[in-house]
Amino acid sequence: MKKIDIKKIKVIQAPLAGISDKIFRGLIRKYKSKCLMTTEMISSEMLSNNPNARIVEFEDFEYPLSFQLVGHKIDKMVKSAKIIAPFACAIDINCGCPVKKVVVSGDGSAMMKTPELIFDIIRAIKEEVDLPLSVKFRLGWSEKEENYIDFAHTVELAGADFITLHARTRSQMYQGHADWDKIALLKREVNIPVFANGDIKTLEDAIKCLEITNCDGIAIGRGIMGDFTLPYRIEQYFERGVIIPAPTLEEKISMLKKHLQQEVDYMGEKNGVKFMRKFYSYYITSERNASKYRSVLVQLEEQKEILKVLDEILSLHSKNAL
């Protein structure tokens, strides 16, 4: 697989476990983004014990594609990196996931407590695999244990090619605000590309984040939910200084209908409808009665019922606009 030139990448689709599936990535491409995609988090423990090629086979449209590994055992991480190498354009090591079931085993953001271990993991992978390697991490375990600058120096020294900083601590989870000023500080401290992550939900957020941080690019996760045009619009601002307006509610409902149809085709109606419940609030957030409609939508079990409610939202929106 062709390696990426990270200097040409301005947007990374940050992985969202249980959300950013193949359909999600396909819709990003449909709306013209050339961003670096990232797989959902792959357990090195699982992959190294079950090196089934089907686990790491992806569609051509998903490329350029980075594979994200999580784990803390050097041998398992190296073995997994070698398994995915033929399929990957880059490898990302997850040192940022704050979820309890991940950190209790010493993985995800718990890795920030053992910088010497991440150093050894990066060195070991780089010796065996000739691919760009990145690390995604947080400010630290807690406000009193912020070590993101020292951690970044460690991964840079070990050989990481670029890094992504989610500007919250593990103890914050996804609460409070991402501290972009600390991304700016990190950018001044390292010599490898830095991607900013956290609270980037609109093009305006991305522009403000770039102004504050002077970072090399943006990594977006939840900001894409409900707006698959966002990565492309950020890229266009980076490349041409062009500001493309956000989609209207009508355009977002149309996008939602396509998303729903594709998930139903992919998973079947029962599972597809259930899966889509995670997305409704993001699509209709600009609607005045969004919370009421979301409460209705998440209880529906048939695609035709959902489409009926979406048409009702559009009809009411049109009347209010008169």
# chains A, B, ... in the order shown; residues from 1 in each chain; ligands from 1
call {"tool": "residues_around", "arguments": {"residues": "stretch 34-45 of chain A", "least_positions_apart": "3", "cutoff": "6 Å", "atoms": "only C-alpha atoms", "output": "PDB file with C-alpha atoms, in the first residue's frame"}}
result
ATOM      1  CA  VAL A  11      -7.697  16.739   7.695  1.00  0.00           C
ATOM      2  CA  ILE A  12      -7.797  13.429   9.537  1.00  0.00           C
ATOM      3  CA  GLN A  13     -11.042  11.591  10.182  1.00  0.00           C
ATOM      4  CA  PRO A  15     -11.916   7.201  14.707  1.00  0.00           C
ATOM      5  CA  ALA A  17     -15.676   3.365  18.067  1.00  0.00           C
ATOM      6  CA  SER A  48      -2.194 -10.709  17.089  1.00  0.00           C
ATOM      7  CA  PRO A  64      -5.686   6.960   2.142  1.00  0.00           C
ATOM      8  CA  LEU A  65      -6.314   4.978   5.313  1.00  0.00           C
ATOM      9  CA  SER A  66      -4.528   4.820   8.648  1.00  0.00           C
ATOM     10  CA  PHE A  67      -5.007   1.835  10.943  1.00  0.00           C
ATOM     11  CA  GLN A  68      -5.333   2.624  14.629  1.00  0.00           C
ATOM     12  CA  LEU A  69      -3.891   0.117  17.092  1.00  0.00           C
ATOM     13  CA  VAL A  70      -4.455   0.015  20.834  1.00  0.00           C
ATOM     14  CA  GLY A  71      -2.397  -2.015  23.273  1.00  0.00           C
ATOM     15  CA  LYS A  76       1.538  -7.830  20.355  1.00  0.00           C
ATOM     16  CA  MET A  77       1.786  -4.298  18.966  1.00  0.00           C
ATOM     17  CA  SER A  80      -0.271  -6.453  14.755  1.00  0.00           C
TER      18      SER A  80
END
call {"tool": "select_by_dssp", "arguments": {"residues": "stretch 112-297 of chain A", "states": "helix (DSSP H, G or I)", "output": "number ranges by chain"}}
result
A: 112-113, 115-128, 143-145, 148-158, 180-189, 203-213, 222-224, 230-240, 249-267, 269-276, 280-283, 290-297
call {"tool": "select_by_dssp", "arguments": {"residues": "stretch 19-205 of chain A", "states": "strand (DSSP E or B)", "output": "ChimeraX atom specification"}}
result
/A:36-38,42-43,65-70,90-95,133-138,140,146,162-166,194-197
call {"tool": "atom_distance", "arguments": {"atom1": "atom CA of A:Val190", "atom2": "atom CA of A:Ile118"}}
result
17.0 Å
call {"tool": "residues_around", "arguments": {"residues": "A:Cys95", "least_positions_apart": "2", "cutoff": "8 Å", "atoms": "only C-alpha atoms", "output": "list in words"}}
result
Val70, Ile93, Cys97, Asp107, Gly108, Ser109, Ala110, Met111, Met112, Val135, Lys136, Phe137 and Arg138 of chain A
call {"tool": "write_last_selection", "arguments": {"atoms": "C-alpha atoms", "output": "PDB file, in the first residue's frame"}}
result
ATOM      1  CA  VAL A  70      -4.455   0.015  20.834  1.00  0.00           C
ATOM      2  CA  ILE A  93      -1.218   4.327  18.163  1.00  0.00           C
ATOM      3  CA  CYS A  97      -9.103   6.698  24.568  1.00  0.00           C
ATOM      4  CA  ASP A 107      -4.305   0.872  27.180  1.00  0.00           C
ATOM      5  CA  GLY A 108      -5.533   4.124  25.615  1.00  0.00           C
ATOM      6  CA  SER A 109      -4.910   7.213  27.726  1.00  0.00           C
ATOM      7  CA  ALA A 110      -3.450   5.030  30.505  1.00  0.00           C
ATOM      8  CA  MET A 111      -0.376   4.802  28.259  1.00  0.00           C
ATOM      9  CA  MET A 112       0.407   8.403  29.181  1.00  0.00           C
ATOM     10  CA  VAL A 135       0.310   8.807  18.099  1.00  0.00           C
ATOM     11  CA  LYS A 136      -2.964  10.251  19.350  1.00  0.00           C
ATOM     12  CA  PHE A 137      -2.965  11.331  22.999  1.00  0.00           C
ATOM     13  CA  ARG A 138      -4.477  13.721  25.562  1.00  0.00           C
TER      14      ARG A 138
END
call {"tool": "closest_residue", "arguments": {"among": "A:Thr229, A:Asn320, A:Asn289, A:Thr154", "to": "A:Tyr31", "atoms": "only C-alpha atoms"}}
result
A:Thr229
call {"tool": "closest_residue", "arguments": {"among": "A:Lys144, A:Ile23, A:Ser171, A:Leu316", "to": "A:Met267", "atoms": "only C-alpha atoms"}}
result
A:Ile23
call {"tool": "decode", "arguments": {"residues": "stretch 225-252 of chain A", "atoms": "N, CA and C atoms", "output": "mmCIF file, in the first residue's frame"}}
result
data_model
loop_
_atom_site.group_PDB
_atom_site.id
_atom_site.type_symbol
_atom_site.label_atom_id
_atom_site.label_comp_id
_atom_site.auth_asym_id
_atom_site.auth_seq_id
_atom_site.Cartn_x
_atom_site.Cartn_y
_atom_site.Cartn_z
ATOM 1 N N MET A 225 -20.366 13.971 12.450
ATOM 2 C CA MET A 225 -21.686 13.376 12.633
ATOM 3 C C MET A 225 -22.765 14.407 12.315
ATOM 4 N N GLY A 226 -23.549 14.134 11.303
ATOM 5 C CA GLY A 226 -24.585 15.072 10.890
ATOM 6 C C GLY A 226 -24.137 16.057 9.837
ATOM 7 N N ASP A 227 -22.859 16.011 9.461
ATOM 8 C CA ASP A 227 -22.363 16.912 8.404
ATOM 9 C C ASP A 227 -21.139 16.298 7.731
ATOM 10 N N PHE A 228 -21.367 15.466 6.745
ATOM 11 C CA PHE A 228 -20.266 14.804 6.042
ATOM 12 C C PHE A 228 -19.540 15.741 5.087
ATOM 13 N N THR A 229 -20.027 16.963 4.931
ATOM 14 C CA THR A 229 -19.329 17.939 4.093
ATOM 15 C C THR A 229 -18.190 18.631 4.843
ATOM 16 N N LEU A 230 -18.150 18.524 6.172
ATOM 17 C CA LEU A 230 -17.208 19.306 6.960
ATOM 18 C C LEU A 230 -15.738 19.048 6.607
ATOM 19 N N PRO A 231 -15.286 17.792 6.473
ATOM 20 C CA PRO A 231 -13.872 17.594 6.112
ATOM 21 C C PRO A 231 -13.491 18.289 4.800
ATOM 22 N N TYR A 232 -14.357 18.179 3.792
ATOM 23 C CA TYR A 232 -14.071 18.816 2.503
ATOM 24 C C TYR A 232 -14.036 20.331 2.644
ATOM 25 N N ARG A 233 -14.959 20.892 3.403
ATOM 26 C CA ARG A 233 -15.009 22.338 3.548
ATOM 27 C C ARG A 233 -13.775 22.861 4.283
ATOM 28 N N ILE A 234 -13.278 22.092 5.258
ATOM 29 C CA ILE A 234 -12.042 22.484 5.942
ATOM 30 C C ILE A 234 -10.854 22.389 4.987
ATOM 31 N N GLU A 235 -10.812 21.331 4.192
ATOM 32 C CA GLU A 235 -9.731 21.182 3.204
ATOM 33 C C GLU A 235 -9.711 22.347 2.229
ATOM 34 N N GLN A 236 -10.878 22.754 1.781
ATOM 35 C CA GLN A 236 -10.943 23.855 0.827
ATOM 36 C C GLN A 236 -10.467 25.168 1.451
ATOM 37 N N TYR A 237 -10.734 25.343 2.724
ATOM 38 C CA TYR A 237 -10.231 26.532 3.407
ATOM 39 C C TYR A 237 -8.712 26.473 3.508
ATOM 40 N N PHE A 238 -8.174 25.313 3.870
ATOM 41 C CA PHE A 238 -6.727 25.126 3.940
ATOM 42 C C PHE A 238 -6.066 25.404 2.596
ATOM 43 N N GLU A 239 -6.630 24.808 1.543
ATOM 44 C CA GLU A 239 -5.983 24.814 0.235
ATOM 45 C C GLU A 239 -6.194 26.103 -0.549
ATOM 46 N N ARG A 240 -7.399 26.695 -0.439
ATOM 47 C CA ARG A 240 -7.723 27.831 -1.296
ATOM 48 C C ARG A 240 -8.237 29.049 -0.544
ATOM 49 N N GLY A 241 -8.369 28.930 0.785
ATOM 50 C CA GLY A 241 -8.910 30.038 1.551
ATOM 51 C C GLY A 241 -10.381 30.282 1.292
ATOM 52 N N VAL A 242 -11.067 29.273 0.762
ATOM 53 C CA VAL A 242 -12.477 29.395 0.398
ATOM 54 C C VAL A 242 -13.358 28.949 1.563
ATOM 55 N N ILE A 243 -14.375 29.745 1.852
ATOM 56 C CA ILE A 243 -15.335 29.378 2.894
ATOM 57 C C ILE A 243 -16.627 28.905 2.224
ATOM 58 N N ILE A 244 -16.872 27.601 2.317
ATOM 59 C CA ILE A 244 -18.080 27.005 1.753
ATOM 60 C C ILE A 244 -19.129 26.926 2.859
ATOM 61 N N PRO A 245 -20.332 27.445 2.620
ATOM 62 C CA PRO A 245 -21.359 27.451 3.669
ATOM 63 C C PRO A 245 -21.711 26.047 4.152
ATOM 64 N N ALA A 246 -22.118 25.954 5.403
ATOM 65 C CA ALA A 246 -22.583 24.687 5.967
ATOM 66 C C ALA A 246 -23.880 24.275 5.273
ATOM 67 N N PRO A 247 -24.170 22.990 5.223
ATOM 68 C CA PRO A 247 -25.417 22.555 4.595
ATOM 69 C C PRO A 247 -26.641 23.077 5.346
ATOM 70 N N THR A 248 -27.693 23.357 4.601
ATOM 71 C CA THR A 248 -28.965 23.779 5.189
ATOM 72 C C THR A 248 -29.636 22.580 5.855
ATOM 73 N N LEU A 249 -30.699 22.849 6.615
ATOM 74 C CA LEU A 249 -31.441 21.744 7.230
ATOM 75 C C LEU A 249 -31.982 20.810 6.151
ATOM 76 N N GLU A 250 -32.464 21.379 5.040
ATOM 77 C CA GLU A 250 -32.975 20.540 3.950
ATOM 78 C C GLU A 250 -31.883 19.608 3.424
ATOM 79 N N GLU A 251 -30.680 20.154 3.267
ATOM 80 C CA GLU A 251 -29.568 19.344 2.771
ATOM 81 C C GLU A 251 -29.148 18.289 3.798
ATOM 82 N N LYS A 252 -29.207 18.638 5.072
ATOM 83 C CA LYS A 252 -28.831 17.684 6.113
ATOM 84 C C LYS A 252 -29.858 16.558 6.241
#
